[in-house]
>>> print(open('target-v2.cif').read())   # mmCIF, C-alpha atoms, pLDDT in the B column; chains and numbers go by the auth columns
data_my_file
#
loop_
_atom_site.group_PDB
_atom_site.id
_atom_site.type_symbol
_atom_site.label_atom_id
_atom_site.label_comp_id
_atom_site.label_asym_id
_atom_site.label_seq_id
_atom_site.Cartn_x
_atom_site.Cartn_y
_atom_site.Cartn_z
_atom_site.B_iso_or_equiv
_atom_site.auth_seq_id
_atom_site.auth_asym_id
ATOM 1 C CA VAL A 1 10.487 -66.098 -14.761 79.00 81 A
ATOM 2 C CA ALA A 2 11.878 -69.575 -15.458 77.00 82 A
ATOM 3 C CA ASN A 3 11.459 -69.048 -19.188 84.00 83 A
ATOM 4 C CA ALA A 4 13.374 -65.751 -19.032 86.00 84 A
ATOM 5 C CA LEU A 5 16.289 -67.309 -17.157 89.00 85 A
ATOM 6 C CA TRP A 6 16.524 -70.512 -19.162 88.00 86 A
ATOM 7 C CA SER A 7 18.666 -70.919 -22.268 90.00 87 A
ATOM 8 C CA LYS A 8 15.980 -73.104 -23.854 91.00 88 A
ATOM 9 C CA LEU A 9 12.399 -74.081 -23.024 93.00 89 A
ATOM 10 C CA THR A 10 10.100 -76.290 -25.084 95.00 90 A
ATOM 11 C CA ALA A 11 6.407 -76.798 -24.324 95.00 91 A
ATOM 12 C CA THR A 12 4.500 -79.698 -25.898 97.00 92 A
ATOM 13 C CA VAL A 13 0.741 -80.062 -25.443 98.00 93 A
ATOM 14 C CA LYS A 14 -1.651 -82.860 -26.406 97.00 94 A
ATOM 15 C CA ARG A 15 -5.168 -81.515 -26.791 94.00 95 A
ATOM 16 C CA GLY A 16 -8.198 -82.032 -28.989 93.00 96 A
ATOM 17 C CA GLY A 17 -6.681 -84.982 -30.851 96.00 97 A
ATOM 18 C CA PHE A 18 -3.473 -83.162 -31.833 97.00 98 A
ATOM 19 C CA GLU A 19 -0.009 -82.465 -30.443 98.00 99 A
ATOM 20 C CA TRP A 20 1.296 -78.895 -30.428 98.00 100 A
ATOM 21 C CA THR A 21 4.746 -77.521 -29.622 97.00 101 A
ATOM 22 C CA MET A 22 6.370 -74.140 -29.044 96.00 102 A
ATOM 23 C CA GLU A 23 10.007 -73.264 -28.342 95.00 103 A
ATOM 24 C CA PHE A 24 11.637 -70.374 -26.491 93.00 104 A
ATOM 25 C CA ARG A 25 15.227 -69.261 -26.044 91.00 105 A
ATOM 26 C CA ALA A 26 16.213 -66.844 -23.258 87.00 106 A
ATOM 27 C CA GLY A 27 12.546 -65.945 -22.883 87.00 107 A
ATOM 28 C CA ALA A 28 11.986 -65.069 -26.536 91.00 108 A
ATOM 29 C CA VAL A 29 9.760 -67.081 -28.871 93.00 109 A
ATOM 30 C CA VAL A 30 11.813 -68.991 -31.434 91.00 110 A
ATOM 31 C CA GLY A 31 8.926 -69.804 -33.747 84.00 111 A
ATOM 32 C CA LYS A 32 5.153 -69.869 -33.971 91.00 112 A
ATOM 33 C CA LEU A 33 3.001 -72.538 -32.370 95.00 113 A
ATOM 34 C CA LYS A 34 3.404 -75.731 -34.425 96.00 114 A
ATOM 35 C CA LYS A 35 0.924 -78.538 -34.942 96.00 115 A
ATOM 36 C CA VAL A 36 3.053 -81.692 -34.748 95.00 116 A
ATOM 37 C CA GLY A 37 0.311 -84.095 -35.783 96.00 117 A
ATOM 38 C CA LYS A 38 -2.472 -86.281 -34.455 96.00 118 A
ATOM 39 C CA ALA A 39 -2.177 -87.562 -30.893 96.00 119 A
ATOM 40 C CA ARG A 40 -4.192 -89.511 -28.348 94.00 120 A
ATOM 41 C CA GLY A 41 -4.979 -88.378 -24.841 93.00 121 A
ATOM 42 C CA SER A 42 -4.041 -85.086 -23.250 95.00 122 A
ATOM 43 C CA GLY A 43 -1.231 -83.587 -21.200 95.00 123 A
ATOM 44 C CA THR A 44 1.621 -81.109 -21.148 96.00 124 A
ATOM 45 C CA THR A 45 5.378 -81.639 -21.214 95.00 125 A
ATOM 46 C CA VAL A 46 7.751 -78.761 -20.450 94.00 126 A
ATOM 47 C CA SER A 47 11.478 -79.276 -21.074 93.00 127 A
ATOM 48 C CA PHE A 48 13.970 -76.629 -20.023 90.00 128 A
ATOM 49 C CA ARG A 49 17.655 -76.000 -19.460 88.00 129 A
ATOM 50 C CA PRO A 50 19.002 -73.224 -17.189 90.00 130 A
ATOM 51 C CA ASP A 51 21.166 -70.526 -18.744 90.00 131 A
ATOM 52 C CA PRO A 52 24.778 -71.256 -17.607 88.00 132 A
ATOM 53 C CA GLU A 53 25.607 -67.536 -17.856 88.00 133 A
ATOM 54 C CA ILE A 54 23.040 -66.841 -15.104 89.00 134 A
ATOM 55 C CA PHE A 55 23.379 -70.067 -13.089 89.00 135 A
ATOM 56 C CA PRO A 56 27.011 -71.263 -12.738 87.00 136 A
ATOM 57 C CA LYS A 57 25.761 -74.477 -11.143 85.00 137 A
ATOM 58 C CA THR A 58 23.041 -76.151 -13.193 82.00 138 A
ATOM 59 C CA GLU A 59 22.662 -79.438 -11.363 85.00 139 A
ATOM 60 C CA PHE A 60 19.237 -80.315 -9.998 88.00 140 A
ATOM 61 C CA SER A 61 18.830 -82.093 -6.676 92.00 141 A
ATOM 62 C CA PRO A 62 16.621 -85.213 -7.031 94.00 142 A
ATOM 63 C CA ASP A 63 16.135 -85.245 -3.253 94.00 143 A
ATOM 64 C CA VAL A 64 14.701 -81.714 -3.208 94.00 144 A
ATOM 65 C CA ILE A 65 12.413 -82.438 -6.166 95.00 145 A
ATOM 66 C CA ARG A 66 11.231 -85.703 -4.615 96.00 146 A
ATOM 67 C CA GLU A 67 10.460 -84.036 -1.282 95.00 147 A
ATOM 68 C CA ARG A 68 8.507 -81.173 -2.896 95.00 148 A
ATOM 69 C CA LEU A 69 6.443 -83.589 -5.000 97.00 149 A
ATOM 70 C CA GLU A 70 5.685 -85.784 -2.002 97.00 150 A
ATOM 71 C CA ILE A 71 4.534 -82.770 0.032 97.00 151 A
ATOM 72 C CA THR A 72 2.284 -81.757 -2.873 97.00 152 A
ATOM 73 C CA SER A 73 0.648 -85.188 -2.761 97.00 153 A
ATOM 74 C CA TYR A 74 -0.153 -84.596 0.929 98.00 154 A
ATOM 75 C CA LEU A 75 -1.520 -81.076 0.409 97.00 155 A
ATOM 76 C CA GLN A 76 -3.681 -82.131 -2.578 95.00 156 A
ATOM 77 C CA LYS A 77 -5.494 -85.065 -0.987 92.00 157 A
ATOM 78 C CA GLY A 78 -5.949 -87.967 -3.411 91.00 158 A
ATOM 79 C CA LEU A 79 -3.507 -86.641 -6.021 95.00 159 A
ATOM 80 C CA LYS A 80 -1.233 -89.266 -7.593 96.00 160 A
ATOM 81 C CA VAL A 81 2.286 -88.102 -8.429 97.00 161 A
ATOM 82 C CA THR A 82 4.975 -90.086 -10.243 97.00 162 A
ATOM 83 C CA PHE A 83 8.576 -88.850 -10.195 97.00 163 A
ATOM 84 C CA VAL A 84 10.903 -90.568 -12.646 96.00 164 A
ATOM 85 C CA ASP A 85 14.511 -89.828 -11.713 95.00 165 A
ATOM 86 C CA GLU A 86 16.433 -90.744 -14.842 92.00 166 A
ATOM 87 C CA THR A 87 19.787 -89.789 -13.259 90.00 167 A
ATOM 88 C CA GLN A 88 19.522 -92.586 -10.688 91.00 168 A
ATOM 89 C CA LYS A 89 17.119 -94.792 -12.666 95.00 169 A
ATOM 90 C CA GLN A 90 14.490 -94.663 -9.923 95.00 170 A
ATOM 91 C CA THR A 91 10.726 -94.184 -9.981 97.00 171 A
ATOM 92 C CA HIS A 92 8.856 -92.754 -6.995 96.00 172 A
ATOM 93 C CA ARG A 93 5.059 -92.751 -6.671 97.00 173 A
ATOM 94 C CA PHE A 94 3.200 -90.650 -4.122 97.00 174 A
ATOM 95 C CA HIS A 95 -0.464 -91.017 -3.185 97.00 175 A
ATOM 96 C CA HIS A 96 -1.911 -90.010 0.186 96.00 176 A
ATOM 97 C CA PRO A 97 -5.724 -90.332 0.378 95.00 177 A
ATOM 98 C CA ASP A 98 -5.758 -88.958 3.954 95.00 178 A
ATOM 99 C CA GLY A 99 -3.865 -85.821 2.940 96.00 179 A
ATOM 100 C CA ILE A 100 -2.252 -83.701 5.629 98.00 180 A
ATOM 101 C CA GLY A 101 -3.334 -86.189 8.298 97.00 181 A
ATOM 102 C CA GLU A 102 -0.764 -88.608 6.877 97.00 182 A
ATOM 103 C CA TYR A 103 1.731 -85.764 6.569 98.00 183 A
ATOM 104 C CA LEU A 104 1.452 -85.025 10.295 98.00 184 A
ATOM 105 C CA LYS A 105 2.120 -88.695 11.118 97.00 185 A
ATOM 106 C CA LYS A 106 5.284 -88.533 9.009 97.00 186 A
ATOM 107 C CA ILE A 107 6.446 -85.333 10.735 97.00 187 A
ATOM 108 C CA LEU A 108 5.858 -86.801 14.201 98.00 188 A
ATOM 109 C CA GLY A 109 7.798 -89.913 13.199 97.00 189 A
ATOM 110 C CA GLU A 110 10.738 -87.874 11.880 96.00 190 A
ATOM 111 C CA ARG A 111 10.826 -85.835 15.096 96.00 191 A
ATOM 112 C CA ASN A 112 10.407 -88.926 17.327 96.00 192 A
ATOM 113 C CA ALA A 113 7.646 -86.990 19.055 95.00 193 A
ATOM 114 C CA ARG A 114 5.467 -88.851 21.562 97.00 194 A
ATOM 115 C CA VAL A 115 1.852 -87.701 21.373 97.00 195 A
ATOM 116 C CA VAL A 116 -0.215 -87.052 24.513 97.00 196 A
ATOM 117 C CA HIS A 117 -3.609 -87.819 22.936 96.00 197 A
ATOM 118 C CA ASP A 118 -4.500 -90.527 20.406 94.00 198 A
ATOM 119 C CA ALA A 119 -6.522 -88.660 17.768 96.00 199 A
ATOM 120 C CA PRO A 120 -5.287 -85.419 16.201 97.00 200 A
ATOM 121 C CA PHE A 121 -7.518 -82.368 15.888 97.00 201 A
ATOM 122 C CA SER A 122 -8.382 -81.631 12.259 97.00 202 A
ATOM 123 C CA LEU A 123 -10.611 -79.277 10.313 96.00 203 A
ATOM 124 C CA SER A 124 -11.469 -78.365 6.745 96.00 204 A
ATOM 125 C CA ARG A 125 -13.382 -75.138 6.102 94.00 205 A
ATOM 126 C CA ALA A 126 -14.303 -73.012 3.116 92.00 206 A
ATOM 127 C CA ASN A 127 -15.124 -69.447 4.175 80.00 207 A
ATOM 128 C CA GLY A 128 -13.830 -67.294 1.340 85.00 208 A
ATOM 129 C CA MET A 129 -10.755 -69.510 1.179 94.00 209 A
ATOM 130 C CA ARG A 130 -10.031 -73.169 1.797 96.00 210 A
ATOM 131 C CA VAL A 131 -8.481 -73.846 5.185 97.00 211 A
ATOM 132 C CA GLU A 132 -7.171 -77.304 6.073 98.00 212 A
ATOM 133 C CA LEU A 133 -5.515 -77.985 9.399 98.00 213 A
ATOM 134 C CA VAL A 134 -4.370 -80.913 11.516 98.00 214 A
ATOM 135 C CA PHE A 135 -2.464 -80.735 14.804 98.00 215 A
ATOM 136 C CA GLN A 136 -1.616 -82.782 17.856 98.00 216 A
ATOM 137 C CA TRP A 137 0.037 -82.104 21.208 98.00 217 A
ATOM 138 C CA THR A 138 3.210 -83.994 22.044 98.00 218 A
ATOM 139 C CA GLU A 139 5.634 -84.312 24.954 97.00 219 A
ATOM 140 C CA ALA A 140 8.079 -81.997 23.155 95.00 220 A
ATOM 141 C CA THR A 141 8.833 -78.607 24.688 94.00 221 A
ATOM 142 C CA ASP A 142 8.715 -76.658 21.416 95.00 222 A
ATOM 143 C CA GLU A 143 5.975 -75.753 18.961 97.00 223 A
ATOM 144 C CA HIS A 144 6.317 -77.102 15.400 97.00 224 A
ATOM 145 C CA LEU A 145 4.007 -75.823 12.643 98.00 225 A
ATOM 146 C CA ARG A 146 4.449 -76.261 8.883 98.00 226 A
ATOM 147 C CA SER A 147 2.310 -73.927 6.797 98.00 227 A
ATOM 148 C CA TYR A 148 1.522 -73.647 3.094 98.00 228 A
ATOM 149 C CA VAL A 149 -0.376 -71.260 0.818 97.00 229 A
ATOM 150 C CA ASN A 150 -1.596 -72.711 -2.484 97.00 230 A
ATOM 151 C CA GLY A 151 0.990 -75.449 -2.010 95.00 231 A
ATOM 152 C CA ILE A 152 3.850 -72.968 -1.469 95.00 232 A
ATOM 153 C CA PRO A 153 5.792 -73.505 1.788 96.00 233 A
ATOM 154 C CA THR A 154 5.768 -70.421 4.036 97.00 234 A
ATOM 155 C CA ALA A 155 8.763 -71.058 6.268 95.00 235 A
ATOM 156 C CA SER A 156 8.551 -67.582 7.835 96.00 236 A
ATOM 157 C CA GLY A 157 4.841 -67.936 8.572 96.00 237 A
ATOM 158 C CA GLY A 158 2.589 -64.943 8.109 97.00 238 A
ATOM 159 C CA THR A 159 -1.015 -63.959 8.669 98.00 239 A
ATOM 160 C CA HIS A 160 -2.417 -67.493 8.257 98.00 240 A
ATOM 161 C CA GLU A 161 -0.136 -68.786 11.029 98.00 241 A
ATOM 162 C CA ASN A 162 -1.041 -65.807 13.217 98.00 242 A
ATOM 163 C CA GLY A 163 -4.710 -66.642 12.734 98.00 243 A
ATOM 164 C CA PHE A 164 -4.131 -70.253 13.738 98.00 244 A
ATOM 165 C CA ARG A 165 -2.202 -69.375 16.888 97.00 245 A
ATOM 166 C CA SER A 166 -4.680 -66.748 18.084 97.00 246 A
ATOM 167 C CA GLY A 167 -7.673 -68.978 17.306 97.00 247 A
ATOM 168 C CA LEU A 168 -6.116 -71.957 19.096 97.00 248 A
ATOM 169 C CA VAL A 169 -5.342 -69.992 22.265 97.00 249 A
ATOM 170 C CA LYS A 170 -8.848 -68.471 22.363 97.00 250 A
ATOM 171 C CA ALA A 171 -10.481 -71.866 21.822 96.00 251 A
ATOM 172 C CA VAL A 172 -8.521 -73.589 24.595 96.00 252 A
ATOM 173 C CA ARG A 173 -9.040 -70.737 27.072 94.00 253 A
ATOM 174 C CA ASN A 174 -12.756 -70.663 26.300 95.00 254 A
ATOM 175 C CA TYR A 175 -13.005 -74.431 26.892 95.00 255 A
ATOM 176 C CA ILE A 176 -11.143 -74.149 30.202 94.00 256 A
ATOM 177 C CA GLU A 177 -13.366 -71.305 31.419 92.00 257 A
ATOM 178 C CA THR A 178 -16.611 -72.925 30.263 95.00 258 A
ATOM 179 C CA HIS A 179 -15.847 -76.176 32.078 96.00 259 A
ATOM 180 C CA GLN A 180 -14.282 -74.418 35.088 92.00 260 A
ATOM 181 C CA LEU A 181 -10.951 -76.181 34.651 92.00 261 A
ATOM 182 C CA THR A 182 -8.728 -73.212 35.486 88.00 262 A
ATOM 183 C CA PRO A 183 -5.980 -74.432 37.846 84.00 263 A
ATOM 184 C CA ARG A 184 -5.938 -72.443 41.062 87.00 264 A
ATOM 185 C CA GLY A 185 -3.071 -69.978 41.310 87.00 265 A
ATOM 186 C CA VAL A 186 -1.840 -70.622 37.770 87.00 266 A
ATOM 187 C CA THR A 187 -2.000 -68.235 34.811 87.00 267 A
ATOM 188 C CA LEU A 188 -1.800 -69.963 31.442 89.00 268 A
ATOM 189 C CA SER A 189 0.083 -67.989 28.794 94.00 269 A
ATOM 190 C CA ALA A 190 -0.337 -68.428 25.050 95.00 270 A
ATOM 191 C CA GLU A 191 3.082 -70.117 24.955 95.00 271 A
ATOM 192 C CA ASP A 192 1.966 -72.618 27.609 94.00 272 A
ATOM 193 C CA ILE A 193 -1.049 -73.613 25.511 95.00 273 A
ATOM 194 C CA ARG A 194 0.942 -74.030 22.303 96.00 274 A
ATOM 195 C CA GLU A 195 3.877 -75.868 23.906 97.00 275 A
ATOM 196 C CA GLY A 196 4.434 -79.288 22.330 97.00 276 A
ATOM 197 C CA MET A 197 1.929 -78.701 19.543 98.00 277 A
ATOM 198 C CA SER A 198 2.854 -80.068 16.090 98.00 278 A
ATOM 199 C CA GLY A 199 0.696 -79.328 13.087 98.00 279 A
ATOM 200 C CA VAL A 200 0.214 -78.711 9.381 98.00 280 A
ATOM 201 C CA LEU A 201 -1.729 -75.702 8.074 98.00 281 A
ATOM 202 C CA SER A 202 -2.684 -75.477 4.397 98.00 282 A
ATOM 203 C CA VAL A 203 -4.570 -72.517 2.914 98.00 283 A
ATOM 204 C CA PHE A 204 -5.832 -72.146 -0.658 97.00 284 A
ATOM 205 C CA MET A 205 -6.828 -68.609 -1.647 97.00 285 A
ATOM 206 C CA GLU A 206 -7.091 -66.176 -4.545 95.00 286 A
ATOM 207 C CA GLU A 207 -4.479 -63.458 -4.973 95.00 287 A
ATOM 208 C CA PRO A 208 -2.104 -64.262 -2.099 96.00 288 A
ATOM 209 C CA GLN A 209 0.255 -61.440 -1.175 96.00 289 A
ATOM 210 C CA PHE A 210 3.719 -62.556 -0.141 96.00 290 A
ATOM 211 C CA GLN A 211 6.599 -60.708 1.453 92.00 291 A
ATOM 212 C CA GLY A 212 9.470 -60.774 -1.024 82.00 292 A
ATOM 213 C CA GLN A 213 10.134 -62.934 -4.074 81.00 293 A
ATOM 214 C CA THR A 214 10.913 -66.065 -2.063 85.00 294 A
ATOM 215 C CA LYS A 215 7.259 -66.171 -0.878 89.00 295 A
ATOM 216 C CA ASP A 216 8.327 -67.250 2.615 94.00 296 A
ATOM 217 C CA ARG A 217 5.725 -65.136 4.435 97.00 297 A
ATOM 218 C CA LEU A 218 2.032 -64.416 3.751 97.00 298 A
ATOM 219 C CA ASN A 219 0.751 -60.851 4.236 97.00 299 A
ATOM 220 C CA ASN A 220 -3.017 -61.092 3.470 96.00 300 A
ATOM 221 C CA PRO A 221 -5.001 -59.731 6.489 96.00 301 A
ATOM 222 C CA ASP A 222 -8.131 -61.684 5.443 95.00 302 A
ATOM 223 C CA ALA A 223 -6.213 -64.963 5.860 96.00 303 A
ATOM 224 C CA GLN A 224 -5.667 -64.249 9.548 97.00 304 A
ATOM 225 C CA ALA A 225 -9.382 -63.605 10.131 95.00 305 A
ATOM 226 C CA ALA A 226 -10.484 -66.666 8.150 95.00 306 A
ATOM 227 C CA VAL A 227 -8.129 -69.094 9.910 97.00 307 A
ATOM 228 C CA ASP A 228 -8.803 -67.569 13.345 96.00 308 A
ATOM 229 C CA GLN A 229 -12.557 -67.947 12.867 95.00 309 A
ATOM 230 C CA ALA A 230 -12.279 -71.529 11.595 95.00 310 A
ATOM 231 C CA VAL A 231 -10.053 -72.640 14.488 95.00 311 A
#
>>> encode(input="target-v2.cif", output="structure tokens")
Amino acid sequence: VANALWSKLTATVKRGGFEWTMEFRAGAVVGKLKKVGKARGSGTTVSFRPDPEIFPKTEFSPDVIRERLEITSYLQKGLKVTFVDETQKQTHRFHHPDGIGEYLKKILGERNARVVHDAPFSLSRANGMRVELVFQWTEATDEHLRSYVNGIPTASGGTHENGFRSGLVKAVRNYIETHQLTPRGVTLSAEDIREGMSGVLSVFMEEPQFQGQTKDRLNNPDAQAAVDQAV
């Protein structure tokens, strides 16, 4: 899609001791794959420029790019990301060995949320898909959950979030009943249990099905079952 909407895109690849390059204009190949010459190491560089006839405003926001790259370094635990912002002559490096656990700490700090228990709940499961989750209850009155599918933010939620919420409520209710902690004369609703909860949910799966091109909401029914079961 980016290639089709860009006035020019050039891909350069170092592989097998050589450097190769290929150029496209408005989505069409300009020439055949070219062998530039011998090269050390490996890696890919993609340079592109948006088509001004399609995009009247072609300025990129360094802040948006920086934030997305930093979030990626949280979701892919151990990944090292370097963002060189040549417009402001700044270099940013992101590396978070503790993954989404560190991300949750950042979110709680940004929200000035006071936690009500020291250690967050966390899990990592692989049951047909990779499910990673960390959450913690706070003194806030609202619920705050950030979810991702294959690194893509799902601001409108979807089946993976539904699975988390239903699994969490069932787990807490089961614990209360098993240990006979039910308060006399009080009925706990699902909203009561989730109140003040802040968390990060990250799912990696094959063939995700999103609602619309913006990919804001996940529709896969199997994601709901997998996350529910894990929680």
>>> atom_distance(input="target-v2.cif", atom1="atom CA of A:Glu150", atom2="atom CA of A:Glu286")
23.5 Å
>>> resolve_selection(input="target-v2.cif", expression="the PyMOL selection byres ((chain A and resi 130) around 7)", output="number ranges by chain")
A: 85-87, 128-129, 131-132, 135, 138
>>> resolve_selection(input="target-v2.cif", expression="the PyMOL selection byres ((chain A and resi 303) around 10)", output="PyMOL selection string")
chain A and resi 208-211+229+238-244+283-285+288+298-302+304-309
>>> resolve_selection(input="target-v2.cif", expression="the PyMOL selection byres ((chain A and resi 176-188) around 8)", output="list in words")
Ile151, Ser153, Tyr154, Leu155, Gln156, Lys157, Gly158, Leu159, Lys160, Phe174, His175, Gly189, Glu190, Arg191, Asn192, Ala193, Arg194, Ser202, Leu213, Val214, Phe215, Ser278, Gly279 and Val280 of chain A
>>> atom_distance(input="target-v2.cif", atom1="atom CA of A:Arg146", atom2="atom CA of A:Ser227")
18.7 Å
>>> closest_residue(input="target-v2.cif", among="A:Phe98, A:Leu225, A:Ala82, A:Ser236", to="A:Gly292", atoms="only C-alpha atoms")
A:Ser236
>>> closest_residue(input="target-v2.cif", among="A:Thr167, A:Ser122, A:Ser282, A:Thr90", to="A:Arg205", atoms="all atoms listed in the file")
A:Ser282
>>> build_atoms(input="target-v2.cif", residues="stretch 181-197 of chain A", atoms="N, CA and C atoms", output="PDB file, in the coordinates of the input")
ATOM      1  N   GLY A 181      -3.325 -85.309   7.129  1.00 97.00           N
ATOM      2  CA  GLY A 181      -3.334 -86.189   8.298  1.00 97.00           C
ATOM      3  C   GLY A 181      -2.169 -87.167   8.247  1.00 97.00           C
ATOM      4  N   GLU A 182      -1.908 -87.714   7.059  1.00 97.00           N
ATOM      5  CA  GLU A 182      -0.764 -88.608   6.877  1.00 97.00           C
ATOM      6  C   GLU A 182       0.553 -87.837   6.981  1.00 97.00           C
ATOM      7  N   TYR A 183       0.531 -86.597   6.510  1.00 98.00           N
ATOM      8  CA  TYR A 183       1.731 -85.764   6.569  1.00 98.00           C
ATOM      9  C   TYR A 183       2.130 -85.522   8.019  1.00 98.00           C
ATOM     10  N   LEU A 184       1.148 -85.253   8.882  1.00 98.00           N
ATOM     11  CA  LEU A 184       1.452 -85.025  10.295  1.00 98.00           C
ATOM     12  C   LEU A 184       2.073 -86.276  10.925  1.00 98.00           C
ATOM     13  N   LYS A 185       1.553 -87.456  10.585  1.00 97.00           N
ATOM     14  CA  LYS A 185       2.120 -88.695  11.118  1.00 97.00           C
ATOM     15  C   LYS A 185       3.593 -88.825  10.718  1.00 97.00           C
ATOM     16  N   LYS A 186       3.899 -88.457   9.472  1.00 97.00           N
ATOM     17  CA  LYS A 186       5.284 -88.533   9.009  1.00 97.00           C
ATOM     18  C   LYS A 186       6.174 -87.564   9.793  1.00 97.00           C
ATOM     19  N   ILE A 187       5.674 -86.341  10.004  1.00 97.00           N
ATOM     20  CA  ILE A 187       6.446 -85.333  10.735  1.00 97.00           C
ATOM     21  C   ILE A 187       6.711 -85.793  12.164  1.00 97.00           C
ATOM     22  N   LEU A 188       5.690 -86.322  12.822  1.00 98.00           N
ATOM     23  CA  LEU A 188       5.858 -86.801  14.201  1.00 98.00           C
ATOM     24  C   LEU A 188       6.868 -87.941  14.266  1.00 98.00           C
ATOM     25  N   GLY A 189       6.842 -88.816  13.244  1.00 97.00           N
ATOM     26  CA  GLY A 189       7.798 -89.913  13.199  1.00 97.00           C
ATOM     27  C   GLY A 189       9.218 -89.421  13.015  1.00 97.00           C
ATOM     28  N   GLU A 190       9.405 -88.426  12.123  1.00 96.00           N
ATOM     29  CA  GLU A 190      10.738 -87.874  11.880  1.00 96.00           C
ATOM     30  C   GLU A 190      11.294 -87.172  13.121  1.00 96.00           C
ATOM     31  N   ARG A 191      10.402 -86.572  13.902  1.00 96.00           N
ATOM     32  CA  ARG A 191      10.826 -85.835  15.096  1.00 96.00           C
ATOM     33  C   ARG A 191      10.862 -86.721  16.355  1.00 96.00           C
ATOM     34  N   ASN A 192      10.479 -88.002  16.183  1.00 96.00           N
ATOM     35  CA  ASN A 192      10.407 -88.926  17.327  1.00 96.00           C
ATOM     36  C   ASN A 192       9.582 -88.326  18.463  1.00 96.00           C
ATOM     37  N   ALA A 193       8.493 -87.673  18.079  1.00 95.00           N
ATOM     38  CA  ALA A 193       7.646 -86.990  19.055  1.00 95.00           C
ATOM     39  C   ALA A 193       6.576 -87.938  19.602  1.00 95.00           C
ATOM     40  N   ARG A 194       6.475 -88.020  20.916  1.00 97.00           N
ATOM     41  CA  ARG A 194       5.467 -88.851  21.562  1.00 97.00           C
ATOM     42  C   ARG A 194       4.215 -88.015  21.800  1.00 97.00           C
ATOM     43  N   VAL A 195       3.101 -88.464  21.256  1.00 97.00           N
ATOM     44  CA  VAL A 195       1.852 -87.701  21.373  1.00 97.00           C
ATOM     45  C   VAL A 195       1.230 -87.930  22.746  1.00 97.00           C
ATOM     46  N   VAL A 196       0.422 -86.946  23.198  1.00 97.00           N
ATOM     47  CA  VAL A 196      -0.215 -87.052  24.513  1.00 97.00           C
ATOM     48  C   VAL A 196      -1.717 -87.315  24.394  1.00 97.00           C
ATOM     49  N   HIS A 197      -2.219 -87.396  23.158  1.00 96.00           N
ATOM     50  CA  HIS A 197      -3.609 -87.819  22.936  1.00 96.00           C
ATOM     51  C   HIS A 197      -3.654 -88.578  21.615  1.00 96.00           C
TER      52      HIS A 197
END
